[in-house]
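Colleague: Before I ask anything, here is the structure I am working with.
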4 protein chains.
Amino acid sequence: MEAASRICELSDVQADYDSRAVPIDEVGVDRVAYPLGVLMADGTTQQTVSEAELVAALRSEVRGTHMSRFIEVLEAFHDRVDARTTLKMAKELCRRLDAASSRVALRFPLFVAREAPVSKELARMRFDCRLSSTVGAVGEAVAIGVGVPITSLCPCSKEISDYGAHSQRGRVDVDVVIANNGEALWPDELLRVIDTAASSPIYPLLKRMDERYVTMQAYDNPAFVEDVARDIVVALADDERVQSYSVVVANEESIHDHRAVARVRGGRGA
Amino acid sequence: MEAASRICELSDVQADYDSRAVPIDEVGVDRVAYPLGVLMADGTTQQTVSEAELVAALRSEVRGTHMSRFIEVLEAFHDRVDARTTLKMAKELCRRLDAASSRVALRFPLFVAREAPVSKELARMRFDCRLSSTVGAVGEAVAIGVGVPITSLCPCSKEISDYGAHSQRGRVDVDVVIANNGEALWPDELLRVIDTAASSPIYPLLKRMDERYVTMQAYDNPAFVEDVARDIVVALADDERVQSYSVVVANEESIHDHRAVARVRGGRGA
Amino acid sequence: MEAASRICELSDVQADYDSRAVPIDEVGVDRVAYPLGVLMADGTTQQTVSEAELVAALRSEVRGTHMSRFIEVLEAFHDRVDARTTLKMAKELCRRLDAASSRVALRFPLFVAREAPVSKELARMRFDCRLSSTVGAVGEAVAIGVGVPITSLCPCSKEISDYGAHSQRGRVDVDVVIANNGEALWPDELLRVIDTAASSPIYPLLKRMDERYVTMQAYDNPAFVEDVARDIVVALADDERVQSYSVVVANEESIHDHRAVARVRGGRGA
Amino acid sequence: MEAASRICELSDVQADYDSRAVPIDEVGVDRVAYPLGVLMADGTTQQTVSEAELVAALRSEVRGTHMSRFIEVLEAFHDRVDARTTLKMAKELCRRLDAASSRVALRFPLFVAREAPVSKELARMRFDCRLSSTVGAVGEAVAIGVGVPITSLCPCSKEISDYGAHSQRGRVDVDVVIANNGEALWPDELLRVIDTAASSPIYPLLKRMDERYVTMQAYDNPAFVEDVARDIVVALADDERVQSYSVVVANEESIHDHRAVARVRGGRGA
């Protein structure tokens, strides 16, 4: 006897007929904290902590879904995931819930060991990563995304001032739908694309000679949010593994209390 | 001489020609904290605090936008806004920035004076409101949305248990694109639709007899997230002012540390 | 007949005798969203949105407090408050709950109309404000605090680099317990103290000539978090209205993804 | 030659003499994201993601601290920590910075594999953990704390209603200073104390028979925030390893949009 979490033995409440004629696009669980083993480009597995969302469609004539099955699927797959794993999870949801479509999204931090540019002293820098997949009538899609802090320095401030130029911490989010028959695309690759477009990458640890280096590097590479976004788009457009992309660049302006933000979406045949 | 914030007198950096051939979908400011006077259904103005986003498209051949103009538009319109005001702001952005499209979004709390159901004692309850508009090649759209806390009580828990039933705080977000030639749609109307679909509305202040009332009301009206979403969709489908809608119902489960969530999108001809 | 929210007619559950011999230091409500009218230095009232906390002590022999009374006190006082109002609220809590001590804290944004330094163009800048009071065996205390975004520019980066210097957005929080027989101390006064200690104040709106001005002002006034904190402490030490203070300066480093932070506490006879 | 991050070769800006006569209580880094290996009670190490704070005192006559050394200490110790490790880190900070006092605090999620009460189906539940130490003139202190979600059911609502009783998710935070010569105190032990005081523990995964079980368990064990706090205090008072404690119980009320909260501090000789 299968015991689904919200099906009742005597009265199966979730299985009740629903007469409102409203299909539910997505129902399930979100903000689920779960441990995750993430497969990295070098074959190692990085242990991290994720926030998971798992949802599936529900036909109009059925009253409720079975919430416990979403957690069962997460438990079954959590210890070794890459982008394609979320596709397997989404398919398993469709199968177990008899659903026409589903979506699985995992968000988590990753750490990269990063050497300071001059002293070569090493520490770890966090960046955010997202893996997700959708399965449905219009086909399947697997996506990967990263969120990375950068240093940005304002080109106009540099140009119009006799000396100095305001800089600030920026945040870049790149999300990519992976081409169907393409090779794998790894989080560290997107991280490199973003760092290259920044006025300077950000470092967890800088000694005196390193701080001098990044100060002058940023001054030598001023970039508006528009500049950073465009450089990233140009890099992604060259990558055959990229089906479509979303690029968001946001500067936590040091001269204002708001953000300057630029967004571009695009892709092959989009 | 116009002095735009990031145009330089000697070298106009933003106006530089850009050869990367990447148009920017949206560039501007977000997370702008600004005071707001919001026009209410009864003709009064409620003073509140908003988080604003104002963005516009940028042609591929121009390097940068003029960030100060977004704030100027916000300052010009902030003291008396309703849903249609964001459309005026978006049009003004297109005009001042010579942009093909733009979007303005304001998010802010509103308060409603609410009497307890039995004692009739009065206090104020917060709910969230959003007003936004887009202007562009595909036309104009004006949207209004609210986020409202509710009480939900689980139908399955009630059915399968000899006594009791778990309840929790839920959160409902309804966002509506307003039909073009329709009458105004007010935040308090959406609030009422949501409260009606809940196991019980939430109150800021309950005396003993009120707590007894809402406890039994919730027990008498158990509802899954799917149920709440469907009841709201049915109500919106009857409203000719609604062009399209998004309904998100999320329960902060009292027996889990994650949320149960249901989402439905729909509309006329959608 | 008084009807307190959690006292029951037949069985008064909160009034039950409690044998565990554990007095409760503070019990009540927090994260209460409530509209607020804040009395300003110039005699005007600024309408804003607060997050309130109201708590009181509970004797060991009583099982529970009466939660609705906290909201009643908030409702009674919310439309016109200054720092001393929270003291009245705390005293009213002690009286109505027969409590030996209580605490009331209100947090909310305020806006100041700020002219750009050269163009004199005006827009509004948010800063955070806190008003609180405690009443108890050790006496009464009234406190006021503000949180203000600033621009900071690193002295070492400037010194060691051939050109440029990294700057970033900082955040300064100053909280002050007001001397008992002192005059009033207003939020805008603390704002001015903080702005003076910054490399540059932050502005909501800057035109080209303004951006040039603040870029060079920051470069001319480099300051570590330690510098900003010390300048503020020196200013507060001269103010007879200040009984004690807490100063926290935090830089959202533009070259790192963490904050640099400095904290100083002090006061008269402290 | 030592190369500290913010000491300059030609002009050592941080080492400048400071004439303002203001010692800094704490200066350093906070909101540092760092990977962490946490030693568990069973001898295993759980890999997680922490937010770290490392600060030290700075004498009045020195202008600035050396920020990079805080990250060096974090890097040196991060791969295997328990409560006592933060004490070693704090001592190392004092030594390397020639500081009279210092403080190290690590915050991170931990996961516990938890079986559903009837079906025994297993999934993972997150709870928050904190480890910290201070070193200074008044001696040393090592602290451990946890934050745990629980189910709470209102005793008054149950008593005054003909049927039903509102329940909600609660959050309990217990922080303990460990007695100097005491044995180790582990996060899972504090988790058990909290779960025992709840109306019901929270589970990541519940099947139908489990949901029935926890619904009735909560209804059979109604508890105010005051009740949960007192039960925890009684348990901690019996534990010789506990020098002092702070207990905070907060209910995300399902009938309100605010929290009910109770706080108790105490300890041996406190």
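So you can find residues: chains in the structure tokens are A, B, ... in the order shown, residues in each start at 1, and ligands are numbered from 1 in order.
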Any idea what's packed within 9 Å of Glu226 of chain B, counting only C-alpha atoms, ignoring anything in its chain fewer than 6 positions away? Could you give it as a count of residues only?
Modeller: 10
Colleague: I'd like the superposed copy of chain C - fitted to chain D by least squares over all paired Cα atoms - as a CSV table (one decimal) with C-alpha atoms, in the first residue's frame.
Modeller:
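Output below, filename out15.csv:
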```
chain,number,residue,atom,x,y,z
C,1,MET,CA,59.4,40.7,4.8
C,2,GLU,CA,55.9,40.5,6.0
C,3,ALA,CA,53.4,42.1,3.7
C,4,ALA,CA,50.2,43.0,5.5
C,5,SER,CA,47.3,43.9,3.3
C,6,ARG,CA,47.0,47.6,4.2
C,7,ILE,CA,50.5,48.5,5.3
C,8,CYS,CA,52.3,50.5,2.6
C,9,GLU,CA,55.9,50.1,1.8
C,10,LEU,CA,56.7,53.8,1.5
C,11,SER,CA,54.0,55.2,3.8
C,12,ASP,CA,52.6,52.8,6.2
C,13,VAL,CA,49.1,54.3,6.4
C,14,GLN,CA,47.6,51.9,9.0
C,15,ALA,CA,50.6,52.4,11.3
C,16,ASP,CA,50.1,56.2,11.4
C,17,TYR,CA,49.9,57.7,14.9
C,18,ASP,CA,46.3,58.6,15.7
C,19,SER,CA,45.8,61.6,17.9
C,20,ARG,CA,42.0,61.4,18.4
C,21,ALA,CA,42.5,59.3,21.6
C,22,VAL,CA,39.6,56.9,20.7
C,23,PRO,CA,40.3,53.2,21.1
C,24,ILE,CA,38.3,50.9,18.8
C,25,ASP,CA,36.5,48.2,20.6
C,26,GLU,CA,36.2,45.9,17.6
C,27,VAL,CA,37.5,46.3,14.1
C,28,GLY,CA,37.8,43.6,11.4
C,29,VAL,CA,35.6,41.8,8.9
C,30,ASP,CA,32.1,40.5,8.9
C,31,ARG,CA,29.7,38.8,6.5
C,32,VAL,CA,32.5,36.7,5.2
C,33,ALA,CA,31.2,33.7,3.3
C,34,TYR,CA,33.5,30.7,3.9
C,35,PRO,CA,33.3,27.0,3.6
C,36,LEU,CA,33.5,25.1,6.9
C,37,GLY,CA,34.1,21.6,8.1
C,38,VAL,CA,32.2,21.2,11.4
C,39,LEU,CA,33.1,18.5,13.8
C,40,MET,CA,30.0,16.7,15.0
C,41,ALA,CA,29.3,14.7,18.2
C,42,ASP,CA,29.7,11.4,16.5
C,43,GLY,CA,33.2,12.2,15.3
C,44,THR,CA,32.2,12.9,11.7
C,45,THR,CA,32.8,16.3,10.0
C,46,GLN,CA,29.9,18.0,8.3
C,47,GLN,CA,30.8,20.3,5.4
C,48,THR,CA,28.8,23.5,5.3
C,49,VAL,CA,28.8,27.2,4.4
C,50,SER,CA,29.4,29.8,7.0
C,51,GLU,CA,29.1,33.5,7.5
C,52,ALA,CA,32.1,34.6,9.6
C,53,GLU,CA,32.9,37.6,11.7
C,54,LEU,CA,36.4,38.2,13.0
C,55,VAL,CA,37.2,41.3,15.0
C,56,ALA,CA,39.9,42.6,17.4
C,57,ALA,CA,40.5,45.7,19.5
C,58,LEU,CA,42.7,48.5,18.2
C,59,ARG,CA,44.7,50.8,20.5
C,60,SER,CA,43.8,54.5,20.4
C,61,GLU,CA,47.2,55.6,19.1
C,62,VAL,CA,47.2,53.3,16.0
C,63,ARG,CA,45.2,54.4,12.9
C,64,GLY,CA,44.2,51.1,11.4
C,65,THR,CA,44.2,47.4,11.6
C,66,HIS,CA,45.4,44.9,9.0
C,67,MET,CA,42.3,43.4,7.4
C,68,SER,CA,44.0,40.6,5.5
C,69,ARG,CA,45.1,38.8,8.6
C,70,PHE,CA,41.6,38.1,9.7
C,71,ILE,CA,41.0,36.2,6.5
C,72,GLU,CA,44.3,34.4,6.9
C,73,VAL,CA,43.2,33.1,10.3
C,74,LEU,CA,39.9,32.0,8.9
C,75,GLU,CA,41.6,30.2,6.0
C,76,ALA,CA,44.0,28.5,8.4
C,77,PHE,CA,41.3,27.0,10.7
C,78,HIS,CA,38.2,26.6,8.5
C,79,ASP,CA,38.4,22.9,7.5
C,80,ARG,CA,37.7,21.4,10.9
C,81,VAL,CA,36.1,23.4,13.6
C,82,ASP,CA,34.2,22.9,16.8
C,83,ALA,CA,33.3,25.4,19.6
C,84,ARG,CA,36.9,25.4,21.0
C,85,THR,CA,38.4,26.2,17.5
C,86,THR,CA,36.9,29.7,17.6
C,87,LEU,CA,38.8,30.3,20.9
C,88,LYS,CA,42.1,29.3,19.1
C,89,MET,CA,41.2,31.6,16.3
C,90,ALA,CA,40.5,34.5,18.7
C,91,LYS,CA,43.8,33.9,20.4
C,92,GLU,CA,45.7,33.8,17.1
C,93,LEU,CA,44.1,37.1,16.2
C,94,CYS,CA,45.3,38.7,19.4
C,95,ARG,CA,48.8,37.4,18.8
C,96,ARG,CA,49.1,38.4,15.2
C,97,LEU,CA,47.5,41.8,15.6
C,98,ASP,CA,49.0,42.5,19.0
C,99,ALA,CA,45.5,43.1,20.2
C,100,ALA,CA,44.2,43.1,23.8
C,101,SER,CA,40.9,41.5,22.9
C,102,SER,CA,39.2,39.7,20.0
C,103,ARG,CA,36.1,37.9,18.9
C,104,VAL,CA,35.4,35.2,16.3
C,105,ALA,CA,31.9,34.1,15.4
C,106,LEU,CA,30.8,31.5,12.8
C,107,ARG,CA,27.2,31.0,11.7
C,108,PHE,CA,26.2,28.2,9.5
C,109,PRO,CA,23.4,25.6,8.8
C,110,LEU,CA,23.7,22.0,9.8
C,111,PHE,CA,21.6,19.1,8.7
C,112,VAL,CA,20.2,16.3,10.7
C,113,ALA,CA,18.8,13.1,9.1
C,114,ARG,CA,15.4,12.8,10.6
C,115,GLU,CA,12.9,9.9,10.4
C,116,ALA,CA,9.2,10.6,10.1
C,117,PRO,CA,7.6,9.5,13.4
C,118,VAL,CA,5.4,6.6,12.0
C,119,SER,CA,6.5,5.8,8.5
C,120,LYS,CA,10.2,6.1,9.5
C,121,GLU,CA,10.9,7.6,6.1
C,122,LEU,CA,14.1,9.6,6.2
C,123,ALA,CA,15.0,13.1,5.0
C,124,ARG,CA,17.3,15.9,6.1
C,125,MET,CA,16.3,18.9,8.2
C,126,ARG,CA,18.3,22.1,8.4
C,127,PHE,CA,18.9,23.9,11.7
C,128,ASP,CA,21.2,26.9,12.3
C,129,CYS,CA,24.3,26.8,14.4
C,130,ARG,CA,26.6,29.4,15.8
C,131,LEU,CA,30.0,29.0,17.4
C,132,SER,CA,31.9,31.9,18.9
C,133,SER,CA,34.6,32.9,21.3
C,134,THR,CA,35.9,36.1,22.9
C,135,VAL,CA,39.3,36.7,24.4
C,136,GLY,CA,40.0,39.8,26.5
C,137,ALA,CA,40.8,41.5,29.8
C,138,VAL,CA,37.8,39.8,31.5
C,139,GLY,CA,38.9,36.4,30.4
C,140,GLU,CA,37.8,34.0,27.7
C,141,ALA,CA,34.4,32.7,26.8
C,142,VAL,CA,33.3,30.0,24.3
C,143,ALA,CA,29.7,29.9,23.1
C,144,ILE,CA,27.5,27.7,21.1
C,145,GLY,CA,24.0,28.4,19.8
C,146,VAL,CA,21.3,26.9,17.6
C,147,GLY,CA,18.2,28.1,15.8
C,148,VAL,CA,15.5,25.5,15.3
C,149,PRO,CA,12.1,25.6,13.6
C,150,ILE,CA,9.3,24.0,15.7
C,151,THR,CA,5.5,23.5,15.6
C,152,SER,CA,3.6,25.4,18.3
C,153,LEU,CA,-0.1,25.2,19.1
C,154,CYS,CA,-1.9,27.8,21.1
C,155,PRO,CA,-3.3,26.7,24.5
C,156,CYS,CA,-5.8,29.5,24.8
C,157,SER,CA,-7.1,29.0,21.2
C,158,LYS,CA,-7.6,25.3,22.1
C,159,GLU,CA,-9.3,26.0,25.4
C,160,ILE,CA,-11.7,28.7,24.3
C,161,SER,CA,-12.8,27.1,20.9
C,162,ASP,CA,-15.4,24.4,20.5
C,163,TYR,CA,-13.1,22.7,18.0
C,164,GLY,CA,-9.7,23.3,16.5
C,165,ALA,CA,-6.8,25.4,17.7
C,166,HIS,CA,-4.4,27.6,15.7
C,167,SER,CA,-0.9,26.3,15.2
C,168,GLN,CA,2.1,27.9,13.5
C,169,ARG,CA,5.7,27.6,12.8
C,170,GLY,CA,7.9,28.8,15.6
C,171,ARG,CA,11.6,29.5,15.8
C,172,VAL,CA,13.7,28.9,18.9
C,173,ASP,CA,17.2,30.3,19.4
C,174,VAL,CA,19.3,29.0,22.3
C,175,ASP,CA,22.8,30.4,22.9
C,176,VAL,CA,24.9,29.1,25.7
C,177,VAL,CA,28.3,30.1,27.1
C,178,ILE,CA,30.1,26.9,28.0
C,179,ALA,CA,31.4,26.5,31.5
C,180,ASN,CA,35.2,26.8,31.5
C,181,ASN,CA,36.2,23.3,32.6
C,182,GLY,CA,33.1,21.6,31.3
C,183,GLU,CA,32.8,18.9,28.8
C,184,ALA,CA,31.9,19.6,25.2
C,185,LEU,CA,28.3,20.6,24.4
C,186,TRP,CA,27.1,19.7,20.9
C,187,PRO,CA,24.6,21.3,18.6
C,188,ASP,CA,22.5,18.2,18.4
C,189,GLU,CA,22.0,18.2,22.2
C,190,LEU,CA,20.6,21.7,22.1
C,191,LEU,CA,18.4,20.6,19.2
C,192,ARG,CA,16.9,17.8,21.3
C,193,VAL,CA,16.2,20.2,24.2
C,194,ILE,CA,14.3,22.5,21.9
C,195,ASP,CA,12.3,19.7,20.2
C,196,THR,CA,11.2,18.3,23.5
C,197,ALA,CA,9.8,21.7,24.5
C,198,ALA,CA,7.8,22.2,21.3
C,199,SER,CA,4.2,21.3,20.7
C,200,SER,CA,5.8,19.0,18.1
C,201,PRO,CA,9.2,18.9,16.3
C,202,ILE,CA,9.2,19.8,12.7
C,203,TYR,CA,10.0,17.2,10.0
C,204,PRO,CA,11.3,17.5,6.5
C,205,LEU,CA,9.1,14.7,5.2
C,206,LEU,CA,5.8,13.4,6.5
C,207,LYS,CA,3.6,10.7,4.9
C,208,ARG,CA,-0.2,10.5,5.6
C,209,MET,CA,0.1,8.5,8.9
C,210,ASP,CA,2.9,10.8,10.0
C,211,GLU,CA,0.8,13.9,9.4
C,212,ARG,CA,-2.0,12.4,11.5
C,213,TYR,CA,0.6,11.7,14.2
C,214,VAL,CA,2.1,15.2,14.4
C,215,THR,CA,-1.3,16.9,14.1
C,216,MET,CA,-2.6,15.1,17.2
C,217,GLN,CA,0.8,15.4,19.0
C,218,ALA,CA,0.7,19.2,18.7
C,219,TYR,CA,-3.0,19.3,19.8
C,220,ASP,CA,-2.0,17.2,22.9
C,221,ASN,CA,0.9,19.5,23.7
C,222,PRO,CA,-0.3,23.1,23.4
C,223,ALA,CA,2.4,25.7,24.4
C,224,PHE,CA,2.7,29.4,24.6
C,225,VAL,CA,6.0,31.0,23.7
C,226,GLU,CA,6.4,31.5,27.5
C,227,ASP,CA,5.9,27.7,28.0
C,228,VAL,CA,8.5,26.7,25.5
C,229,ALA,CA,11.0,29.2,26.9
C,230,ARG,CA,10.5,28.0,30.5
C,231,ASP,CA,10.8,24.3,29.6
C,232,ILE,CA,14.1,25.0,27.9
C,233,VAL,CA,15.4,27.1,30.8
C,234,VAL,CA,14.6,24.3,33.2
C,235,ALA,CA,16.5,21.8,31.0
C,236,LEU,CA,19.5,24.1,30.7
C,237,ALA,CA,19.6,24.9,34.4
C,238,ASP,CA,20.3,21.2,35.1
C,239,ASP,CA,23.3,21.1,32.7
C,240,GLU,CA,26.6,21.7,34.5
C,241,ARG,CA,28.3,22.5,31.2
C,242,VAL,CA,26.1,25.6,30.8
C,243,GLN,CA,27.6,28.8,32.3
C,244,SER,CA,24.9,31.1,31.0
C,245,TYR,CA,22.2,31.0,28.4
C,246,SER,CA,19.9,33.1,26.2
C,247,VAL,CA,16.6,31.6,25.1
C,248,VAL,CA,14.4,33.3,22.4
C,249,VAL,CA,11.1,31.7,21.3
C,250,ALA,CA,9.2,33.3,18.5
C,251,ASN,CA,5.9,32.2,16.9
C,252,GLU,CA,5.1,33.3,13.4
C,253,GLU,CA,1.5,33.6,14.4
C,254,SER,CA,-0.9,32.1,11.9
C,255,ILE,CA,-3.7,34.5,13.0
C,256,HIS,CA,-1.6,37.6,12.9
C,257,ASP,CA,1.2,39.0,10.6
C,258,HIS,CA,3.6,39.6,13.5
C,259,ARG,CA,5.5,37.3,15.9
C,260,ALA,CA,4.8,36.5,19.5
C,261,VAL,CA,8.2,36.4,21.3
C,262,ALA,CA,9.6,35.4,24.7
C,263,ARG,CA,13.2,35.9,25.9
C,264,VAL,CA,15.0,34.7,29.0
C,265,ARG,CA,18.6,35.1,30.0
C,266,GLY,CA,20.2,33.4,33.0
C,267,GLY,CA,23.0,31.3,34.3
C,268,ARG,CA,25.1,30.2,37.2
C,269,GLY,CA,25.9,33.2,39.4
C,270,ALA,CA,24.3,35.5,36.8
```
Colleague: Looking only at helix (DSSP H, G or I) from DSSP on the backbone, list the matching residues of segment 91-221 of chain D as a ChimeraX atom specification.
Modeller: /D:91-97,155-160,187-197,208-220
Colleague: Identify all residues of segment 132-206 of chain D in strand (DSSP E) (DSSP on the backbone) and supply them as a PyMOL selection string.
Modeller: chain D and resi 132-136+139-153+167-178+200-201
Colleague: Next, the residues of the selection above should be written as an mmCIF file, in the first residue's frame with C-alpha atoms.
Modeller:
```cif
data_model
loop_
_atom_site.group_PDB
_atom_site.id
_atom_site.type_symbol
_atom_site.label_atom_id
_atom_site.label_comp_id
_atom_site.auth_asym_id
_atom_site.auth_seq_id
_atom_site.Cartn_x
_atom_site.Cartn_y
_atom_site.Cartn_z
ATOM 1 C CA SER D 132 31.891 31.922 18.905
ATOM 2 C CA SER D 133 34.628 32.937 21.308
ATOM 3 C CA THR D 134 35.858 36.102 22.912
ATOM 4 C CA VAL D 135 39.298 36.720 24.391
ATOM 5 C CA GLY D 136 40.029 39.811 26.455
ATOM 6 C CA GLY D 139 38.927 36.372 30.376
ATOM 7 C CA GLU D 140 37.791 33.955 27.737
ATOM 8 C CA ALA D 141 34.363 32.718 26.771
ATOM 9 C CA VAL D 142 33.283 30.023 24.350
ATOM 10 C CA ALA D 143 29.676 29.939 23.163
ATOM 11 C CA ILE D 144 27.491 27.669 21.090
ATOM 12 C CA GLY D 145 24.016 28.346 19.817
ATOM 13 C CA VAL D 146 21.343 26.846 17.605
ATOM 14 C CA GLY D 147 18.223 28.105 15.827
ATOM 15 C CA VAL D 148 15.514 25.501 15.279
ATOM 16 C CA PRO D 149 12.052 25.605 13.637
ATOM 17 C CA ILE D 150 9.246 24.015 15.673
ATOM 18 C CA THR D 151 5.479 23.523 15.591
ATOM 19 C CA SER D 152 3.565 25.411 18.278
ATOM 20 C CA LEU D 153 -0.155 25.164 19.080
ATOM 21 C CA SER D 167 -0.938 26.330 15.203
ATOM 22 C CA GLN D 168 2.055 27.899 13.482
ATOM 23 C CA ARG D 169 5.724 27.567 12.769
ATOM 24 C CA GLY D 170 7.874 28.806 15.606
ATOM 25 C CA ARG D 171 11.565 29.502 15.787
ATOM 26 C CA VAL D 172 13.686 28.860 18.871
ATOM 27 C CA ASP D 173 17.175 30.282 19.358
ATOM 28 C CA VAL D 174 19.266 29.014 22.260
ATOM 29 C CA ASP D 175 22.753 30.403 22.882
ATOM 30 C CA VAL D 176 24.935 29.066 25.656
ATOM 31 C CA VAL D 177 28.269 30.140 27.138
ATOM 32 C CA ILE D 178 30.063 26.916 27.975
ATOM 33 C CA SER D 200 5.766 19.032 18.061
ATOM 34 C CA PRO D 201 9.144 18.854 16.337
#
```
